file final.tsv (TSV, C-alpha atoms)
chain	number	residue	atom	x	y	z
A	1	MET	CA	-0.47	-39.90	-54.67
A	2	ASN	CA	2.86	-38.08	-55.11
A	3	SER	CA	5.86	-40.22	-55.92
A	4	ASP	CA	9.32	-39.43	-54.61
A	5	PRO	CA	11.41	-37.29	-56.98
A	6	ILE	CA	14.01	-39.12	-59.03
A	7	GLN	CA	17.46	-37.92	-58.05
A	8	MET	CA	20.22	-37.07	-60.46
A	9	LYS	CA	22.85	-39.80	-60.49
A	10	TYR	CA	26.48	-39.47	-61.57
A	11	HIS	CA	28.16	-42.65	-62.79
A	12	HIS	CA	31.95	-42.41	-62.93
A	13	LEU	CA	33.43	-44.91	-65.39
A	14	ARG	CA	37.10	-44.17	-66.08
A	15	ASN	CA	39.26	-41.05	-66.39
A	16	ALA	CA	36.80	-38.37	-67.65
A	17	THR	CA	34.25	-40.80	-69.04
A	18	ALA	CA	31.00	-40.69	-67.11
A	19	VAL	CA	27.24	-40.99	-67.44
A	20	LEU	CA	24.88	-38.39	-66.00
A	21	GLU	CA	21.51	-40.02	-65.29
A	22	ILE	CA	18.56	-37.65	-65.03
A	23	ASP	CA	15.14	-39.32	-64.95
A	24	SER	CA	14.97	-41.23	-68.24
A	25	GLN	CA	17.93	-39.41	-69.81
A	26	TYR	CA	21.39	-40.95	-69.81
A	27	ILE	CA	24.05	-38.45	-70.90
A	28	LEU	CA	27.41	-39.95	-71.88
A	29	ILE	CA	30.38	-37.65	-71.27
A	30	ASP	CA	33.69	-37.94	-73.15
A	31	PRO	CA	33.67	-41.61	-74.17
A	32	MET	CA	37.10	-43.23	-73.98
A	33	LEU	CA	35.86	-46.79	-74.43
A	34	GLY	CA	38.87	-48.74	-75.72
A	35	LYS	CA	40.81	-51.55	-74.12
A	36	PRO	CA	43.86	-50.81	-71.95
A	37	GLY	CA	46.94	-50.01	-74.01
A	38	ASN	CA	45.18	-48.96	-77.21
A	39	ILE	CA	46.52	-45.36	-76.99
A	40	GLU	CA	50.20	-44.43	-77.01
A	41	ALA	CA	51.94	-43.27	-73.84
A	42	PHE	CA	51.48	-39.53	-73.32
A	43	THR	CA	54.88	-39.17	-71.67
A	44	LYS	CA	57.93	-41.37	-72.17
A	45	ASP	CA	60.63	-39.69	-70.09
A	46	ARG	CA	59.01	-37.91	-67.15
A	47	PHE	CA	56.95	-40.99	-66.18
A	48	PRO	CA	57.09	-44.68	-67.23
A	49	ALA	CA	56.20	-45.09	-70.91
A	50	VAL	CA	53.11	-47.27	-70.42
A	51	ARG	CA	50.42	-47.27	-73.10
A	52	ASN	CA	46.99	-45.91	-72.20
A	53	PRO	CA	44.50	-46.32	-70.71
A	54	LEU	CA	46.07	-48.12	-67.78
A	55	VAL	CA	42.87	-49.77	-66.53
A	56	GLU	CA	39.83	-51.60	-67.89
A	57	LEU	CA	36.38	-50.07	-67.97
A	58	PRO	CA	34.24	-51.18	-65.01
A	59	GLU	CA	31.79	-54.06	-65.47
A	60	LYS	CA	28.77	-51.76	-65.26
A	61	THR	CA	29.81	-49.88	-68.43
A	62	GLU	CA	28.09	-52.16	-70.92
A	63	GLY	CA	24.73	-51.89	-69.16
A	64	LEU	CA	24.93	-48.09	-68.99
A	65	LEU	CA	25.95	-47.75	-72.64
A	66	LYS	CA	22.75	-49.56	-73.65
A	67	LYS	CA	20.73	-46.74	-72.02
A	68	ILE	CA	22.51	-43.72	-73.53
A	69	THR	CA	20.25	-40.99	-74.94
A	70	HIS	CA	22.63	-38.02	-75.37
A	71	VAL	CA	26.38	-37.36	-75.60
A	72	LEU	CA	28.59	-34.44	-74.50
A	73	ILE	CA	32.09	-34.06	-75.92
A	74	THR	CA	34.38	-31.48	-74.32
A	75	HIS	CA	37.29	-31.89	-76.75
A	76	GLN	CA	38.93	-34.40	-79.06
A	77	HIS	CA	41.99	-35.67	-77.19
A	78	ALA	CA	42.12	-39.45	-77.27
A	79	ASP	CA	41.66	-39.77	-73.49
A	80	HIS	CA	38.24	-38.12	-73.92
A	81	LEU	CA	37.22	-39.51	-77.31
A	82	ASP	CA	39.13	-42.53	-78.58
A	83	ALA	CA	38.62	-44.73	-81.65
A	84	ALA	CA	36.31	-47.08	-79.76
A	85	GLY	CA	34.26	-44.12	-78.55
A	86	ILE	CA	33.98	-42.73	-82.07
A	87	ASN	CA	32.86	-46.11	-83.42
A	88	PHE	CA	30.26	-46.45	-80.67
A	89	LEU	CA	28.82	-43.03	-81.42
A	90	LYS	CA	28.84	-43.63	-85.18
A	91	GLU	CA	27.06	-46.98	-84.89
A	92	ASN	CA	24.33	-45.62	-82.63
A	93	GLN	CA	24.00	-42.06	-83.98
A	94	PHE	CA	23.30	-40.59	-80.56
A	95	PRO	CA	22.69	-36.81	-80.57
A	96	VAL	CA	25.98	-35.07	-79.74
A	97	THR	CA	26.50	-31.66	-78.13
A	98	CYS	CA	29.95	-30.11	-78.52
A	99	SER	CA	31.89	-26.91	-79.16
A	100	GLN	CA	31.27	-25.26	-82.51
A	101	LEU	CA	35.05	-25.46	-82.95
A	102	ASP	CA	34.83	-29.29	-82.99
A	103	ALA	CA	31.49	-29.76	-84.73
A	104	LYS	CA	32.68	-29.91	-88.35
A	105	ASP	CA	35.46	-32.36	-87.56
A	106	LEU	CA	33.19	-34.61	-85.50
A	107	ARG	CA	30.60	-34.69	-88.30
A	108	THR	CA	33.38	-35.67	-90.71
A	109	LYS	CA	34.11	-38.61	-88.39
A	110	GLY	CA	30.47	-39.70	-88.71
A	111	LEU	CA	29.05	-38.39	-85.44
A	112	ASN	CA	25.51	-37.02	-85.19
A	113	VAL	CA	26.27	-33.49	-83.96
A	114	VAL	CA	22.93	-31.81	-83.26
A	115	GLN	CA	24.07	-28.91	-81.06
A	116	GLU	CA	27.08	-26.61	-81.40
A	117	LEU	CA	27.94	-24.33	-78.50
A	118	GLU	CA	29.77	-21.04	-78.40
A	119	TYR	CA	31.60	-20.08	-75.22
A	120	ASN	CA	29.44	-18.28	-72.64
A	121	SER	CA	26.27	-18.51	-74.71
A	122	PRO	CA	23.51	-20.70	-73.15
A	123	GLN	CA	21.29	-22.86	-75.34
A	124	ASP	CA	18.21	-24.98	-74.64
A	125	PHE	CA	18.99	-28.49	-73.43
A	126	LEU	CA	16.56	-31.16	-72.17
A	127	GLY	CA	14.07	-28.58	-70.94
A	128	GLY	CA	16.75	-26.48	-69.31
A	129	SER	CA	19.99	-24.97	-70.55
A	130	ILE	CA	23.59	-25.81	-71.36
A	131	GLN	CA	26.37	-23.27	-71.63
A	132	GLY	CA	29.88	-23.68	-73.04
A	133	ILE	CA	32.54	-22.59	-70.53
A	134	PRO	CA	36.11	-21.60	-71.51
A	135	ALA	CA	38.85	-23.98	-70.39
A	136	GLN	CA	42.63	-23.58	-70.47
A	137	HIS	CA	44.41	-26.91	-70.94
A	138	GLY	CA	47.67	-26.12	-69.18
A	139	TYR	CA	49.86	-23.54	-67.47
A	140	GLY	CA	51.90	-21.17	-69.61
A	141	GLU	CA	53.14	-21.98	-73.10
A	142	VAL	CA	51.82	-25.54	-73.25
A	143	ALA	CA	48.22	-24.34	-73.37
A	144	LYS	CA	48.86	-22.97	-76.88
A	145	PHE	CA	49.55	-26.48	-78.17
A	146	MET	CA	46.73	-28.33	-76.41
A	147	GLY	CA	43.90	-27.08	-78.64
A	148	ASN	CA	40.43	-25.87	-77.74
A	149	VAL	CA	38.56	-27.35	-74.79
A	150	MET	CA	35.04	-26.57	-73.62
A	151	GLY	CA	33.52	-27.10	-70.22
A	152	PHE	CA	29.73	-27.29	-69.76
A	153	LEU	CA	27.37	-25.69	-67.26
A	154	ILE	CA	24.08	-27.61	-67.20
A	155	LYS	CA	20.92	-26.31	-65.53
A	156	LEU	CA	17.80	-28.49	-65.67
A	157	PRO	CA	14.45	-27.98	-63.93
A	158	ASN	CA	14.28	-29.40	-60.39
A	159	GLU	CA	17.82	-30.78	-60.64
A	160	PRO	CA	21.14	-29.67	-59.15
A	161	SER	CA	23.21	-27.57	-61.53
A	162	VAL	CA	26.31	-29.30	-62.92
A	163	TYR	CA	29.60	-27.75	-64.02
A	164	LEU	CA	31.74	-30.12	-66.10
A	165	ALA	CA	35.04	-28.24	-66.14
A	166	SER	CA	36.82	-30.66	-68.50
A	167	ASP	CA	40.59	-30.37	-68.93
A	168	THR	CA	41.49	-27.02	-67.45
A	169	ILE	CA	43.59	-25.24	-64.90
A	170	LEU	CA	42.13	-22.81	-62.37
A	171	THR	CA	41.72	-19.60	-64.37
A	172	ASP	CA	39.86	-16.42	-63.47
A	173	GLU	CA	37.04	-17.54	-65.79
A	174	VAL	CA	36.75	-20.89	-64.02
A	175	ALA	CA	36.70	-19.17	-60.61
A	176	GLU	CA	33.99	-16.79	-61.86
A	177	ILE	CA	31.75	-19.75	-62.72
A	178	LEU	CA	31.91	-20.86	-59.08
A	179	VAL	CA	31.24	-17.38	-57.72
A	180	ASN	CA	28.62	-16.22	-60.22
A	181	TYR	CA	26.64	-19.45	-60.74
A	182	GLU	CA	27.36	-21.47	-57.58
A	183	PRO	CA	26.96	-24.88	-59.29
A	184	ALA	CA	25.74	-27.63	-56.97
A	185	ILE	CA	28.10	-30.16	-58.56
A	186	SER	CA	31.47	-29.46	-60.20
A	187	VAL	CA	33.56	-32.11	-61.94
A	188	ILE	CA	37.25	-31.26	-62.29
A	189	PRO	CA	40.40	-33.01	-63.59
A	190	CYS	CA	42.65	-33.92	-60.68
A	191	GLY	CA	45.44	-36.06	-62.15
A	192	SER	CA	47.88	-33.12	-62.45
A	193	ALA	CA	48.85	-34.40	-65.92
A	194	GLN	CA	52.24	-33.49	-67.35
A	195	LEU	CA	53.95	-34.06	-70.68
A	196	ASP	CA	57.69	-34.65	-71.03
A	197	SER	CA	58.21	-30.92	-71.45
A	198	TYR	CA	56.47	-27.79	-70.21
A	199	ASP	CA	54.39	-27.07	-67.13
A	200	PRO	CA	51.44	-29.26	-66.04
A	201	ILE	CA	48.47	-29.42	-68.42
A	202	LEU	CA	45.88	-29.88	-65.63
A	203	MET	CA	45.35	-28.30	-62.22
A	204	THR	CA	48.11	-28.79	-59.69
A	205	VAL	CA	47.11	-30.19	-56.31
A	206	GLU	CA	47.40	-26.68	-54.88
A	207	ASP	CA	44.89	-25.35	-57.42
A	208	ILE	CA	42.57	-28.31	-56.82
A	209	MET	CA	42.49	-27.22	-53.17
A	210	ARG	CA	41.86	-23.60	-54.16
A	211	PHE	CA	39.03	-24.65	-56.48
A	212	THR	CA	37.41	-26.71	-53.75
A	213	ASN	CA	37.69	-23.86	-51.26
A	214	LEU	CA	36.00	-21.50	-53.73
A	215	ASN	CA	33.31	-24.01	-54.63
A	216	PHE	CA	30.01	-23.70	-52.75
A	217	GLY	CA	28.85	-27.13	-53.94
A	218	VAL	CA	30.34	-30.62	-54.22
A	219	THR	CA	33.59	-31.16	-56.13
A	220	ILE	CA	33.91	-34.47	-58.01
A	221	CYS	CA	37.49	-35.45	-58.83
A	222	ASN	CA	38.14	-37.32	-62.07
A	223	HIS	CA	41.10	-37.90	-64.43
A	224	LEU	CA	42.76	-40.15	-61.83
A	225	GLU	CA	44.88	-43.32	-62.13
A	226	ALA	CA	43.89	-44.11	-65.72
A	227	LEU	CA	46.66	-42.45	-67.77
A	228	ASN	CA	50.43	-42.65	-67.63
A	229	HIS	CA	51.01	-38.87	-67.47
A	230	CYS	CA	48.84	-38.28	-64.38
A	231	PRO	CA	50.97	-38.64	-61.22
A	232	THR	CA	48.36	-37.69	-58.60
A	233	ARG	CA	46.83	-40.68	-56.83
A	234	ARG	CA	43.45	-40.92	-55.13
A	235	LYS	CA	45.10	-41.79	-51.82
A	236	ASP	CA	47.36	-38.73	-51.86
A	237	LEU	CA	44.48	-36.48	-52.88
A	238	ARG	CA	42.31	-37.76	-50.03
A	239	GLU	CA	45.11	-37.08	-47.56
A	240	LYS	CA	45.48	-33.55	-48.86
A	241	PHE	CA	41.73	-32.89	-48.56
A	242	ILE	CA	41.84	-34.19	-44.98
A	243	GLU	CA	44.77	-31.89	-44.22
A	244	GLN	CA	42.86	-28.93	-45.67
A	245	LYS	CA	39.61	-29.93	-43.87
A	246	LEU	CA	37.73	-30.16	-47.18
A	247	THR	CA	36.56	-33.77	-47.18
A	248	SER	CA	32.90	-32.82	-46.68
A	249	LYS	CA	32.96	-30.94	-49.99
A	250	VAL	CA	34.50	-33.58	-52.26
A	251	TRP	CA	33.86	-36.96	-53.82
A	252	ILE	CA	36.74	-38.97	-55.30
A	253	PRO	CA	34.98	-41.86	-57.05
A	254	ASN	CA	36.61	-45.16	-57.82
A	255	ASP	CA	36.08	-46.46	-61.34
A	256	GLY	CA	32.54	-47.83	-61.60
A	257	GLU	CA	31.26	-45.91	-58.57
A	258	SER	CA	27.98	-43.96	-58.69
A	259	LYS	CA	26.36	-41.35	-56.47
A	260	HIS	CA	22.92	-39.74	-56.16
A	261	PHE	CA	22.61	-35.98	-55.85

call {"tool": "encode", "arguments": {"input": "final.tsv", "output": "structure tokens"}}
result
Amino acid sequence: MNSDPIQMKYHHLRNATAVLEIDSQYILIDPMLGKPGNIEAFTKDRFPAVRNPLVELPEKTEGLLKKITHVLITHQHADHLDAAGINFLKENQFPVTCSQLDAKDLRTKGLNVVQELEYNSPQDFLGGSIQGIPAQHGYGEVAKFMGNVMGFLIKLPNEPSVYLASDTILTDEVAEILVNYEPAISVIPCGSAQLDSYDPILMTVEDIMRFTNLNFGVTICNHLEALNHCPTRRKDLREKFIEQKLTSKVWIPNDGESKHF
């Protein structure tokens, strides 16, 4: 007797921290696991100088963390990998996949890095493949100071393809991923983060709309309402998607929300 296929499930926790559940695999993405206020404010003049993160992790987090089998780290900013996240990964020695540009530093911090990715070079991953995708963390000059960031394109047998864009703006390379690979699911940062100086360091709302228009699959919006330098709110983003007639193509999860694909 054939059993029903197990669907991929995306668990949004907070900011960019999520768990991708695929059969018996639980892949933790960018663990910012600390209590509210344990990270300094990212902007002190442009927006209120409130320490980060602004919100607690959802109640379901503890149960999911007990099931983790693999970890993906896109970059080392504290809102993607904080001290609590580092300690959790050190204590449990989960296998970590990351950029080769971060691998040495993460090993020095005690993490079990088992896979280093170069940009645009696929490697084997859980019976399928994972590819590092270039990301540009900001518009103009600020991108030079934000360090390296890597998105991930994941293709697994009998599962929807997943593009984890990480902290990026809409570049030609990002647009080419949508056109050339047509990922079924794309996860993008939608908080429109800004520092006290320079241009935004994440996609503007206008570029979020452009990305979603280009995207053949579903766009998942993260990086919302968890950090003091992200002015875009879920409510305003929903209204903009309604205005642009794009609501059927997007999911804006609340913290702790999950969805099957």

call {"tool": "atom_distance", "arguments": {"input": "final.tsv", "atom1": "CA of Glu91 (chain A)", "atom2": "CA of His11 (chain A)"}}
result
22.5 Å

call {"tool": "closest_residue", "arguments": {"input": "final.tsv", "among": "A:Val250, A:Ile201, A:Leu106, A:Leu111", "to": "Phe145 (chain A)", "atoms": "all atoms listed in the file"}}
result
A:Ile201

call {"tool": "closest_residue", "arguments": {"input": "final.tsv", "among": "A:Thr43, A:Asn112, A:Gln244, A:Thr17", "to": "Ser197 (chain A)", "atoms": "all atoms listed in the file"}}
result
A:Thr43

call {"tool": "closest_residue", "arguments": {"input": "final.tsv", "among": "A:Leu28, A:Ile169, A:Leu54, A:Leu195", "to": "Lys67 (chain A)", "atoms": "only C-alpha atoms"}}
result
A:Leu28

call {"tool": "residues_around", "arguments": {"input": "final.tsv", "residues": "region 30-42 of chain A", "least_positions_apart": "6", "cutoff": "9 Å", "atoms": "only C-alpha atoms", "output": "VMD selection string"}}
result
chain A and resid 14 to 18 48 to 57 71 to 76 78 to 86 88 to 89 194 to 196 227 to 229

call {"tool": "atom_distance", "arguments": {"input": "final.tsv", "atom1": "CA of Ser186 (chain A)", "atom2": "CA of Val96 (chain A)"}}
result
21.1 Å

call {"tool": "atom_distance", "arguments": {"input": "final.tsv", "atom1": "CA of Glu239 (chain A)", "atom2": "CA of Asn222 (chain A)"}}
result
16.1 Å

call {"tool": "closest_residue", "arguments": {"input": "final.tsv", "among": "A:Leu214, A:Ile252, A:Ile29, A:Ala226", "to": "Pro58 (chain A)", "atoms": "all atoms listed in the file"}}
result
A:Ala226

call {"tool": "closest_residue", "arguments": {"input": "final.tsv", "among": "A:Asn87, A:Ile133, A:His77, A:Ser121", "to": "Met146 (chain A)", "atoms": "only C-alpha atoms"}}
result
A:His77

call {"tool": "closest_residue", "arguments": {"input": "final.tsv", "among": "A:Gln100, A:Pro160, A:Asp236, A:Glu59", "to": "His260 (chain A)", "atoms": "all atoms listed in the file"}}
result
A:Pro160

call {"tool": "residues_around", "arguments": {"input": "final.tsv", "residues": "Asp167 (chain A)", "least_positions_apart": "5", "cutoff": "8 Å", "atoms": "all atoms listed in the file", "output": "PyMOL selection string"}}
result
chain A and resi 135-137+149+151+188-189+201-202

call {"tool": "residues_around", "arguments": {"input": "final.tsv", "residues": "Ser24 (chain A)", "least_positions_apart": "3", "cutoff": "12 Å", "atoms": "all atoms listed in the file", "output": "MDAnalysis selection string"}}
result
chainID A and resid 6:9 20:21 27 67:70 126

call {"tool": "residues_around", "arguments": {"input": "final.tsv", "residues": "Ile154 (chain A)", "least_positions_apart": "6", "cutoff": "7 Å", "atoms": "all atoms listed in the file", "output": "short mmCIF file (atom, residue, chain, number, x, y, z; two decimals) with C-alpha atoms, in the frame of the given file"}}
result
data_model
loop_
_atom_site.label_atom_id
_atom_site.label_comp_id
_atom_site.auth_asym_id
_atom_site.auth_seq_id
_atom_site.Cartn_x
_atom_site.Cartn_y
_atom_site.Cartn_z
CA SER A 129 19.99 -24.97 -70.55
CA ILE A 130 23.59 -25.81 -71.36
CA GLN A 131 26.37 -23.27 -71.63
CA SER A 161 23.21 -27.57 -61.53
CA VAL A 162 26.31 -29.30 -62.92
CA TYR A 163 29.60 -27.75 -64.02
#

call {"tool": "residues_near_point", "arguments": {"input": "final.tsv", "point": "(33.9, -33.7, -65.0)", "cutoff": "6 Å", "atoms": "only C-alpha atoms", "output": "list in words"}}
result
Leu164, Ala165, Ser166, Val187 and Ile188 of chain A

call {"tool": "axis_aligned_box", "arguments": {"input": "final.tsv", "around": "region 158-162 of chain A", "padding_each_side": "4 Å", "output": "JSON"}}
result
{"center_x": 20.3, "center_y": -29.2, "center_z": -61.0, "size_x": 20.0, "size_y": 11.2, "size_z": 11.8}

call {"tool": "residues_around", "arguments": {"input": "final.tsv", "residues": "Ala175 (chain A)", "least_positions_apart": "2", "cutoff": "10 Å", "atoms": "only C-alpha atoms", "output": "PDB file with C-alpha atoms, in the frame of the given file"}}
result
ATOM      1  CA  LEU A 170      42.130 -22.810 -62.370  1.00  0.00           C
ATOM      2  CA  THR A 171      41.720 -19.600 -64.370  1.00  0.00           C
ATOM      3  CA  ASP A 172      39.860 -16.420 -63.470  1.00  0.00           C
ATOM      4  CA  GLU A 173      37.040 -17.540 -65.790  1.00  0.00           C
ATOM      5  CA  ILE A 177      31.750 -19.750 -62.720  1.00  0.00           C
ATOM      6  CA  LEU A 178      31.910 -20.860 -59.080  1.00  0.00           C
ATOM      7  CA  VAL A 179      31.240 -17.380 -57.720  1.00  0.00           C
ATOM      8  CA  ASN A 180      28.620 -16.220 -60.220  1.00  0.00           C
ATOM      9  CA  ARG A 210      41.860 -23.600 -54.160  1.00  0.00           C
ATOM     10  CA  PHE A 211      39.030 -24.650 -56.480  1.00  0.00           C
ATOM     11  CA  LEU A 214      36.000 -21.500 -53.730  1.00  0.00           C
ATOM     12  CA  ASN A 215      33.310 -24.010 -54.630  1.00  0.00           C
TER      13      ASN A 215
END

call {"tool": "residues_near_point", "arguments": {"input": "final.tsv", "point": "(34.8, -42.0, -58.6)", "cutoff": "8 Å", "atoms": "all atoms listed in the file", "output": "MDAnalysis selection string"}}
result
chainID A and resid 11:13 220:222 251:258

call {"tool": "decode", "arguments": {"input": "final.tsv", "residues": "region 235-246 of chain A", "atoms": "N, CA, C and O atoms", "output": "PDB file, in the first residue's frame"}}
result
ATOM      1  N   LYS A 235       1.907  44.420   8.273  1.00  0.00           N
ATOM      2  CA  LYS A 235       0.637  45.011   7.842  1.00  0.00           C
ATOM      3  C   LYS A 235       0.836  45.863   6.585  1.00  0.00           C
ATOM      4  O   LYS A 235       0.070  45.757   5.617  1.00  0.00           O
ATOM      5  N   ASP A 236       1.865  46.697   6.582  1.00  0.00           N
ATOM      6  CA  ASP A 236       2.109  47.570   5.437  1.00  0.00           C
ATOM      7  C   ASP A 236       2.503  46.758   4.207  1.00  0.00           C
ATOM      8  O   ASP A 236       2.110  47.082   3.074  1.00  0.00           O
ATOM      9  N   LEU A 237       3.274  45.685   4.436  1.00  0.00           N
ATOM     10  CA  LEU A 237       3.695  44.838   3.323  1.00  0.00           C
ATOM     11  C   LEU A 237       2.491  44.123   2.712  1.00  0.00           C
ATOM     12  O   LEU A 237       2.363  44.041   1.474  1.00  0.00           O
ATOM     13  N   ARG A 238       1.604  43.618   3.564  1.00  0.00           N
ATOM     14  CA  ARG A 238       0.391  42.968   3.050  1.00  0.00           C
ATOM     15  C   ARG A 238      -0.425  43.926   2.194  1.00  0.00           C
ATOM     16  O   ARG A 238      -0.941  43.557   1.133  1.00  0.00           O
ATOM     17  N   GLU A 239      -0.572  45.158   2.667  1.00  0.00           N
ATOM     18  CA  GLU A 239      -1.347  46.152   1.920  1.00  0.00           C
ATOM     19  C   GLU A 239      -0.715  46.433   0.557  1.00  0.00           C
ATOM     20  O   GLU A 239      -1.421  46.589  -0.449  1.00  0.00           O
ATOM     21  N   LYS A 240       0.609  46.467   0.532  1.00  0.00           N
ATOM     22  CA  LYS A 240       1.297  46.723  -0.732  1.00  0.00           C
ATOM     23  C   LYS A 240       1.117  45.551  -1.697  1.00  0.00           C
ATOM     24  O   LYS A 240       0.895  45.757  -2.904  1.00  0.00           O
ATOM     25  N   PHE A 241       1.183  44.315  -1.175  1.00  0.00           N
ATOM     26  CA  PHE A 241       0.952  43.147  -2.037  1.00  0.00           C
ATOM     27  C   PHE A 241      -0.481  43.134  -2.574  1.00  0.00           C
ATOM     28  O   PHE A 241      -0.710  42.745  -3.727  1.00  0.00           O
ATOM     29  N   ILE A 242      -1.433  43.542  -1.761  1.00  0.00           N
ATOM     30  CA  ILE A 242      -2.817  43.633  -2.221  1.00  0.00           C
ATOM     31  C   ILE A 242      -2.919  44.660  -3.346  1.00  0.00           C
ATOM     32  O   ILE A 242      -3.544  44.409  -4.393  1.00  0.00           O
ATOM     33  N   GLU A 243      -2.304  45.802  -3.134  1.00  0.00           N
ATOM     34  CA  GLU A 243      -2.327  46.870  -4.138  1.00  0.00           C
ATOM     35  C   GLU A 243      -1.739  46.404  -5.467  1.00  0.00           C
ATOM     36  O   GLU A 243      -2.245  46.737  -6.541  1.00  0.00           O
ATOM     37  N   GLN A 244      -0.677  45.589  -5.384  1.00  0.00           N
ATOM     38  CA  GLN A 244       0.012  45.112  -6.581  1.00  0.00           C
ATOM     39  C   GLN A 244      -0.582  43.806  -7.125  1.00  0.00           C
ATOM     40  O   GLN A 244      -0.059  43.241  -8.084  1.00  0.00           O
ATOM     41  N   LYS A 245      -1.647  43.322  -6.468  1.00  0.00           N
ATOM     42  CA  LYS A 245      -2.317  42.070  -6.875  1.00  0.00           C
ATOM     43  C   LYS A 245      -1.348  40.878  -6.884  1.00  0.00           C
ATOM     44  O   LYS A 245      -1.326  40.070  -7.817  1.00  0.00           O
ATOM     45  N   LEU A 246      -0.564  40.769  -5.808  1.00  0.00           N
ATOM     46  CA  LEU A 246       0.446  39.720  -5.692  1.00  0.00           C
ATOM     47  C   LEU A 246       0.218  38.792  -4.495  1.00  0.00           C
ATOM     48  O   LEU A 246       1.067  37.952  -4.200  1.00  0.00           O
TER      49      LEU A 246
END
